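*Asks:* Handing you this structure, nothing more for now.
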Amino acid sequence: MYEEELNEVKQKCLSCKKCPLSETRTTVVFSGGIPNSKLMLIGEAPGYWEDQKGEPFVGKAGQLLDKIFASVGLSRQKDVYICNTIKCRPPENRNPLPEEKDACREFLDAQIRILHPKIILLAGSVAVQSILGDIGGITRIRGKWFDGEAYGLPDTKIMPIFHPSYLLRNDSREKGSPKWLMWQDIQEIRKAYDNL
Ligand code: URA
């Protein structure tokens, strides 16, 4: 039963003290959305609001993410499982350190292994680096499908996408702009989701 196994991992994660972020966090942000989903989104790390509320992507970037999903009729309430590469907020929202990512890796790996999603979206370069390694800048690889087989994830398609925080800093909707590209990507994702 995946629920039991996932819950065991979650309980372990909620009391984790493997890295110093456990001393500065308010809450552990394990996941959001629905576990029995074919679609998983992996972000970077909890920010201020996520740390306060214990739920991923609930700040401004999260609100934009919800709008992006809603634009193609998807939602975290019925379609998507959401998590981050690390589960505790780094102070001042700095990038996660390699040792923090290493310490937290077992939880992300367990989420992927237990839920075995058919589609994984990697939001931003930190998530891309964690799963696909150094394969180039997000601008070049976003919107491309990667075969999970090569990364030990058979039957999973993986797509890097822009992080919603990046879109918040780039407001243009002109053809070729990051927001415009995200619109192309989310439509492609919807198509793949419909074809599962
Ligand atoms: N940014 C992320 O990458 N993850 C969150 O949960 C919130 C903001």
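All residue names refer to the structure tokens as shown: chains lettered A, B, ... in order, residues numbered from 1 in each chain, ligands numbered from 1 in order.
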Might you pull out every residue within 12 Å of A:Pro56, with only C-alpha atoms counted and same-chain residues fewer than 2 positions away left off, and present them as JSON, numbers by chain?
*Replies:* {"A": [27, 28, 29, 30, 31, 32, 33, 41, 42, 43, 44, 45, 46, 47, 48, 49, 50, 51, 52, 53, 54, 58, 59, 60, 61, 62, 63, 65, 66, 76, 81, 82, 83, 84, 85, 86, 87, 88, 89]}
*Asks:* Might you pull out every residue within 9 Å of A:Pro91, with only C-alpha atoms counted and same-chain residues fewer than 5 positions away left off, and present them as a list in words?
*Replies:*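 Counting only C-alpha atoms, the residues come to Leu21, Thr24, Arg25 and Gly47 of chain A.
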*Asks:* Check the smallest atom-to-atom distance from each of A:Arg113, A:Lys12, A:His163, A:Lys78 to ligand 1 using only C-alpha atoms and all ligand atoms, then report the winner.
*Replies:*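 Checking each of A:Arg113, A:Lys12, A:His163, A:Lys78 against ligand 1, counting only C-alpha atoms and all ligand atoms, the winner is A:His163.
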*Asks:* Which of these, A:Glu4, A:Glu92, A:Glu149, A:Asp194, has the shortest distance to A:Leu132 once you count only C-alpha atoms?
*Replies:*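 Among the listed residues, the smallest separation from A:Leu132 belongs to A:Glu149.
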*Asks:* Here is a test: counting only C-alpha atoms, which residue of A:Tyr166, A:Ser130, A:Pro178, A:Ser75 is nearest to A:Lys101?
*Replies:* A:Ser130
*Asks:* Which is closest to ligand 1 among A:Pro164, A:Gly176, A:Gly73, A:Gly133, if we use only C-alpha atoms and all ligand atoms?
*Replies:*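 Using only C-alpha atoms and all ligand atoms, ligand 1 sits closest to A:Pro164.
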*Asks:* Looking at only C-alpha atoms, which of A:Leu97, A:Met1, A:Leu108, A:Leu39 is the one that sits closest to A:Leu74?
*Replies:* A:Leu39
*Asks:* DSSP on the backbone: which residues in stretch 3-85 of chain A end up as helix (DSSP H, G or I)? Give the answer as a ChimeraX atom specification.
*Replies:* /A:3-14,21-24,48-53,60-70
*Asks:* Let's have the selection written as a short mmCIF file (atom, residue, chain, number, x, y, z; two decimals), in the first residue's frame, with N, CA and C atoms.
*Replies:*
```
data_model
loop_
_atom_site.label_atom_id
_atom_site.label_comp_id
_atom_site.auth_asym_id
_atom_site.auth_seq_id
_atom_site.Cartn_x
_atom_site.Cartn_y
_atom_site.Cartn_z
N GLU A 3 0.17 4.31 0.38
CA GLU A 3 -0.15 5.34 1.39
C GLU A 3 0.65 5.12 2.67
N GLU A 4 0.70 3.85 3.09
CA GLU A 4 1.41 3.53 4.34
C GLU A 4 2.90 3.83 4.21
N GLU A 5 3.45 3.39 3.07
CA GLU A 5 4.88 3.57 2.86
C GLU A 5 5.22 5.06 2.79
N LEU A 6 4.38 5.79 2.06
CA LEU A 6 4.62 7.23 1.93
C LEU A 6 4.49 7.92 3.29
N ASN A 7 3.52 7.49 4.06
CA ASN A 7 3.32 8.09 5.37
C ASN A 7 4.50 7.83 6.31
N GLU A 8 5.07 6.64 6.19
CA GLU A 8 6.27 6.34 7.00
C GLU A 8 7.41 7.29 6.65
N VAL A 9 7.60 7.50 5.34
CA VAL A 9 8.66 8.40 4.89
C VAL A 9 8.36 9.82 5.39
N LYS A 10 7.10 10.21 5.30
CA LYS A 10 6.71 11.56 5.73
C LYS A 10 7.00 11.75 7.23
N GLN A 11 6.62 10.77 8.04
CA GLN A 11 6.84 10.89 9.49
C GLN A 11 8.33 11.02 9.80
N LYS A 12 9.13 10.25 9.07
CA LYS A 12 10.59 10.32 9.27
C LYS A 12 11.10 11.72 8.89
N CYS A 13 10.57 12.21 7.78
CA CYS A 13 10.99 13.53 7.27
C CYS A 13 10.60 14.64 8.25
N LEU A 14 9.40 14.53 8.84
CA LEU A 14 8.90 15.60 9.73
C LEU A 14 9.77 15.75 10.98
N LEU A 21 19.39 22.97 8.60
CA LEU A 21 18.12 23.66 8.30
C LEU A 21 17.03 23.27 9.30
N SER A 22 17.22 22.12 9.95
CA SER A 22 16.23 21.68 10.94
C SER A 22 16.20 22.63 12.14
N GLU A 23 17.29 23.39 12.34
CA GLU A 23 17.33 24.32 13.48
C GLU A 23 16.66 25.65 13.16
N THR A 24 16.57 25.99 11.88
CA THR A 24 16.01 27.31 11.53
C THR A 24 14.61 27.23 10.94
N TYR A 48 9.33 31.57 2.50
CA TYR A 48 8.78 32.06 3.77
C TYR A 48 7.39 31.49 4.07
N TRP A 49 6.47 31.62 3.11
CA TRP A 49 5.08 31.20 3.38
C TRP A 49 4.93 29.70 3.50
N GLU A 50 5.74 28.99 2.70
CA GLU A 50 5.69 27.53 2.76
C GLU A 50 6.17 27.06 4.13
N ASP A 51 7.24 27.71 4.62
CA ASP A 51 7.80 27.39 5.94
C ASP A 51 6.77 27.67 7.05
N GLN A 52 6.00 28.74 6.86
CA GLN A 52 4.97 29.08 7.85
C GLN A 52 3.83 28.07 7.83
N LYS A 53 3.43 27.69 6.61
CA LYS A 53 2.19 26.90 6.49
C LYS A 53 2.40 25.40 6.35
N LYS A 60 3.62 33.76 -3.50
CA LYS A 60 3.30 34.36 -4.81
C LYS A 60 3.62 33.43 -5.97
N ALA A 61 4.77 32.77 -5.89
CA ALA A 61 5.14 31.85 -6.98
C ALA A 61 4.12 30.71 -7.06
N GLY A 62 3.66 30.27 -5.91
CA GLY A 62 2.68 29.20 -5.88
C GLY A 62 1.35 29.61 -6.47
N GLN A 63 0.97 30.87 -6.20
CA GLN A 63 -0.30 31.35 -6.77
C GLN A 63 -0.20 31.39 -8.30
N LEU A 64 0.97 31.81 -8.78
CA LEU A 64 1.15 31.82 -10.24
C LEU A 64 1.15 30.38 -10.78
N LEU A 65 1.79 29.48 -10.06
CA LEU A 65 1.80 28.07 -10.48
C LEU A 65 0.37 27.54 -10.59
N ASP A 66 -0.45 27.84 -9.60
CA ASP A 66 -1.86 27.39 -9.65
C ASP A 66 -2.57 27.96 -10.88
N LYS A 67 -2.26 29.22 -11.21
CA LYS A 67 -2.90 29.84 -12.40
C LYS A 67 -2.44 29.15 -13.68
N ILE A 68 -1.15 28.83 -13.71
CA ILE A 68 -0.60 28.15 -14.91
C ILE A 68 -1.31 26.80 -15.10
N PHE A 69 -1.43 26.05 -14.01
CA PHE A 69 -2.14 24.76 -14.11
C PHE A 69 -3.61 24.99 -14.50
N ALA A 70 -4.23 25.97 -13.85
CA ALA A 70 -5.66 26.22 -14.11
C ALA A 70 -5.90 26.61 -15.57
#
```
*Asks:* Using DSSP secondary structure from the backbone, list all strand (DSSP E or B) positions within chain A, as a ChimeraX atom specification.
*Replies:* /A:32-33,39-43,80-84,119-123,146-147,157-161
*Asks:* Can you write out the residues you just picked, keeping C-alpha atoms, as a PDB file, in the first residue's frame?
*Replies:*
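Dumped to out.pdb:
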```
ATOM      1  CA  GLY A  32       1.106  19.179  -1.409  1.00  0.00           C
ATOM      2  CA  GLY A  33      -1.530  18.138  -3.913  1.00  0.00           C
ATOM      3  CA  LEU A  39       1.812  14.151 -12.537  1.00  0.00           C
ATOM      4  CA  MET A  40       4.479  15.320 -10.079  1.00  0.00           C
ATOM      5  CA  LEU A  41       6.015  18.778  -9.895  1.00  0.00           C
ATOM      6  CA  ILE A  42       9.354  19.204  -8.145  1.00  0.00           C
ATOM      7  CA  GLY A  43      10.358  22.726  -7.114  1.00  0.00           C
ATOM      8  CA  VAL A  80      -0.863  17.149  -9.282  1.00  0.00           C
ATOM      9  CA  TYR A  81       1.493  16.040  -6.501  1.00  0.00           C
ATOM     10  CA  ILE A  82       3.881  18.822  -5.512  1.00  0.00           C
ATOM     11  CA  CYS A  83       7.172  18.625  -3.629  1.00  0.00           C
ATOM     12  CA  ASN A  84      10.607  20.232  -3.495  1.00  0.00           C
ATOM     13  CA  ILE A 119       5.188  12.751 -15.747  1.00  0.00           C
ATOM     14  CA  ILE A 120       7.659  14.740 -13.651  1.00  0.00           C
ATOM     15  CA  LEU A 121       7.952  18.502 -14.108  1.00  0.00           C
ATOM     16  CA  LEU A 122      11.182  20.064 -12.858  1.00  0.00           C
ATOM     17  CA  ALA A 123      10.560  23.710 -12.000  1.00  0.00           C
ATOM     18  CA  PHE A 146      13.587  13.566 -21.188  1.00  0.00           C
ATOM     19  CA  ASP A 147      13.153   9.816 -21.001  1.00  0.00           C
ATOM     20  CA  LYS A 157       8.629  11.389 -18.907  1.00  0.00           C
ATOM     21  CA  ILE A 158      10.466  14.348 -17.443  1.00  0.00           C
ATOM     22  CA  MET A 159      10.146  17.972 -18.529  1.00  0.00           C
ATOM     23  CA  PRO A 160      12.116  20.947 -17.174  1.00  0.00           C
ATOM     24  CA  ILE A 161      10.035  24.129 -16.987  1.00  0.00           C
TER      25      ILE A 161
END
```
*Asks:* Looking at A:Gln129, A:Gln111, A:Thr26, A:Thr156, which one is nearest to A:Pro98, with distances taken over only C-alpha atoms?
*Replies:*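 Ranked by minimum distance to A:Pro98, first place goes to A:Gln129.
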*Asks:* Might you pull out every residue within 10 Å of A:Leu181, with only C-alpha atoms counted and same-chain residues fewer than 5 positions away left off, and present them as a PDB file with all heavy atoms, in the first residue's frame?
*Replies:*
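Output contents, as saved in result36.pdb:
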```pdb
ATOM      1  N   THR A 139      16.942  27.693 -19.940  1.00  0.00           N
ATOM      2  CA  THR A 139      16.389  28.331 -21.140  1.00  0.00           C
ATOM      3  C   THR A 139      16.516  27.419 -22.366  1.00  0.00           C
ATOM      4  O   THR A 139      15.658  27.412 -23.235  1.00  0.00           O
ATOM      5  CB  THR A 139      17.115  29.670 -21.419  1.00  0.00           C
ATOM      6  OG1 THR A 139      17.177  30.377 -20.182  1.00  0.00           O
ATOM      7  CG2 THR A 139      16.381  30.509 -22.432  1.00  0.00           C
ATOM      8  N   ARG A 142      14.196  23.803 -21.304  1.00  0.00           N
ATOM      9  CA  ARG A 142      12.791  23.821 -20.883  1.00  0.00           C
ATOM     10  C   ARG A 142      11.893  23.382 -22.044  1.00  0.00           C
ATOM     11  O   ARG A 142      12.213  23.608 -23.216  1.00  0.00           O
ATOM     12  CB  ARG A 142      12.372  25.211 -20.369  1.00  0.00           C
ATOM     13  CG  ARG A 142      12.549  26.318 -21.387  1.00  0.00           C
ATOM     14  CD  ARG A 142      11.277  27.068 -21.635  1.00  0.00           C
ATOM     15  NE  ARG A 142      10.396  26.446 -22.556  1.00  0.00           N
ATOM     16  CZ  ARG A 142      10.498  26.469 -23.877  1.00  0.00           C
ATOM     17  NH1 ARG A 142      11.556  26.987 -24.491  1.00  0.00           N
ATOM     18  NH2 ARG A 142       9.557  25.903 -24.627  1.00  0.00           N
ATOM     19  N   GLY A 143      10.822  22.707 -21.699  1.00  0.00           N
ATOM     20  CA  GLY A 143       9.883  22.307 -22.744  1.00  0.00           C
ATOM     21  C   GLY A 143      10.281  21.035 -23.477  1.00  0.00           C
ATOM     22  O   GLY A 143       9.548  20.565 -24.338  1.00  0.00           O
ATOM     23  N   ILE A 161      10.805  22.907 -16.663  1.00  0.00           N
ATOM     24  CA  ILE A 161      10.035  24.129 -16.987  1.00  0.00           C
ATOM     25  C   ILE A 161      10.638  25.300 -16.196  1.00  0.00           C
ATOM     26  O   ILE A 161      11.363  25.074 -15.228  1.00  0.00           O
ATOM     27  CB  ILE A 161       8.521  23.982 -16.637  1.00  0.00           C
ATOM     28  CG1 ILE A 161       8.334  23.619 -15.163  1.00  0.00           C
ATOM     29  CG2 ILE A 161       7.845  22.961 -17.541  1.00  0.00           C
ATOM     30  CD1 ILE A 161       6.872  23.621 -14.699  1.00  0.00           C
ATOM     31  N   PHE A 162      10.282  26.509 -16.608  1.00  0.00           N
ATOM     32  CA  PHE A 162      10.742  27.664 -15.840  1.00  0.00           C
ATOM     33  C   PHE A 162      10.155  27.610 -14.432  1.00  0.00           C
ATOM     34  O   PHE A 162       9.013  27.160 -14.244  1.00  0.00           O
ATOM     35  CB  PHE A 162      10.278  28.971 -16.493  1.00  0.00           C
ATOM     36  CG  PHE A 162      11.046  29.356 -17.723  1.00  0.00           C
ATOM     37  CD1 PHE A 162      10.378  29.646 -18.910  1.00  0.00           C
ATOM     38  CD2 PHE A 162      12.434  29.460 -17.698  1.00  0.00           C
ATOM     39  CE1 PHE A 162      11.079  30.017 -20.047  1.00  0.00           C
ATOM     40  CE2 PHE A 162      13.146  29.825 -18.838  1.00  0.00           C
ATOM     41  CZ  PHE A 162      12.462  30.103 -20.012  1.00  0.00           C
ATOM     42  N   ARG A 173       4.545  39.189 -21.938  1.00  0.00           N
ATOM     43  CA  ARG A 173       3.842  38.029 -22.504  1.00  0.00           C
ATOM     44  C   ARG A 173       4.072  37.929 -24.008  1.00  0.00           C
ATOM     45  O   ARG A 173       3.394  37.192 -24.715  1.00  0.00           O
ATOM     46  CB  ARG A 173       2.331  38.175 -22.272  1.00  0.00           C
ATOM     47  CG  ARG A 173       1.937  37.907 -20.864  1.00  0.00           C
ATOM     48  CD  ARG A 173       0.529  38.366 -20.591  1.00  0.00           C
ATOM     49  NE  ARG A 173       0.249  38.274 -19.172  1.00  0.00           N
ATOM     50  CZ  ARG A 173      -0.089  37.147 -18.537  1.00  0.00           C
ATOM     51  NH1 ARG A 173      -0.227  36.023 -19.199  1.00  0.00           N
ATOM     52  NH2 ARG A 173      -0.311  37.153 -17.244  1.00  0.00           N
ATOM     53  N   GLU A 174       5.028  38.733 -24.485  1.00  0.00           N
ATOM     54  CA  GLU A 174       5.296  38.730 -25.932  1.00  0.00           C
ATOM     55  C   GLU A 174       5.767  37.364 -26.411  1.00  0.00           C
ATOM     56  O   GLU A 174       6.359  36.606 -25.646  1.00  0.00           O
ATOM     57  CB  GLU A 174       6.416  39.730 -26.235  1.00  0.00           C
ATOM     58  CG  GLU A 174       5.900  41.083 -26.605  1.00  0.00           C
ATOM     59  CD  GLU A 174       7.041  42.056 -26.811  1.00  0.00           C
ATOM     60  OE1 GLU A 174       8.052  41.669 -27.436  1.00  0.00           O
ATOM     61  OE2 GLU A 174       6.896  43.187 -26.330  1.00  0.00           O
ATOM     62  N   LYS A 175       5.536  37.130 -27.693  1.00  0.00           N
ATOM     63  CA  LYS A 175       5.983  35.869 -28.284  1.00  0.00           C
ATOM     64  C   LYS A 175       7.476  35.646 -27.982  1.00  0.00           C
ATOM     65  O   LYS A 175       8.278  36.560 -28.163  1.00  0.00           O
ATOM     66  CB  LYS A 175       5.759  35.928 -29.794  1.00  0.00           C
ATOM     67  CG  LYS A 175       5.916  34.608 -30.452  1.00  0.00           C
ATOM     68  CD  LYS A 175       5.443  34.629 -31.890  1.00  0.00           C
ATOM     69  CE  LYS A 175       5.726  33.259 -32.487  1.00  0.00           C
ATOM     70  NZ  LYS A 175       5.460  33.179 -33.885  1.00  0.00           N
ATOM     71  N   GLY A 176       7.827  34.486 -27.500  1.00  0.00           N
ATOM     72  CA  GLY A 176       9.232  34.180 -27.201  1.00  0.00           C
ATOM     73  C   GLY A 176       9.637  34.529 -25.773  1.00  0.00           C
ATOM     74  O   GLY A 176      10.719  34.132 -25.327  1.00  0.00           O
ATOM     75  N   ILE A 186       2.951  24.334 -20.937  1.00  0.00           N
ATOM     76  CA  ILE A 186       1.844  23.766 -20.150  1.00  0.00           C
ATOM     77  C   ILE A 186       0.803  23.125 -21.079  1.00  0.00           C
ATOM     78  O   ILE A 186       0.165  22.130 -20.716  1.00  0.00           O
ATOM     79  CB  ILE A 186       1.219  24.810 -19.185  1.00  0.00           C
ATOM     80  CG1 ILE A 186       0.365  24.133 -18.109  1.00  0.00           C
ATOM     81  CG2 ILE A 186       0.396  25.854 -19.921  1.00  0.00           C
ATOM     82  CD1 ILE A 186       1.100  23.282 -17.131  1.00  0.00           C
TER      83      ILE A 186
END
```
*Asks:* What does the distance between atom CA of A:Asp79 and atom CA of A:Lys38 come to in Å, to one decimal place?
*Replies:* 7.5 Å
*Asks:* Name all residues at most 7 Å from stretch 114-116 of chain A (count only C-alpha atoms; drop same-chain ones fewer than 4 positions away) and give them as an NGL selection string.
*Replies:* :A and (2 or 6 or 35-36 or 110)
*Asks:* For the residues in that selection, give me C-alpha atoms as a CSV table (one decimal), in the first residue's frame.
*Replies:*
```csv
chain,number,residue,atom,x,y,z
A,2,TYR,CA,1.7,3.2,-1.2
A,6,LEU,CA,4.6,7.2,1.9
A,35,PRO,CA,-0.4,11.5,-3.9
A,36,ASN,CA,-2.2,9.2,-6.3
A,110,ALA,CA,11.3,7.9,-1.8
```
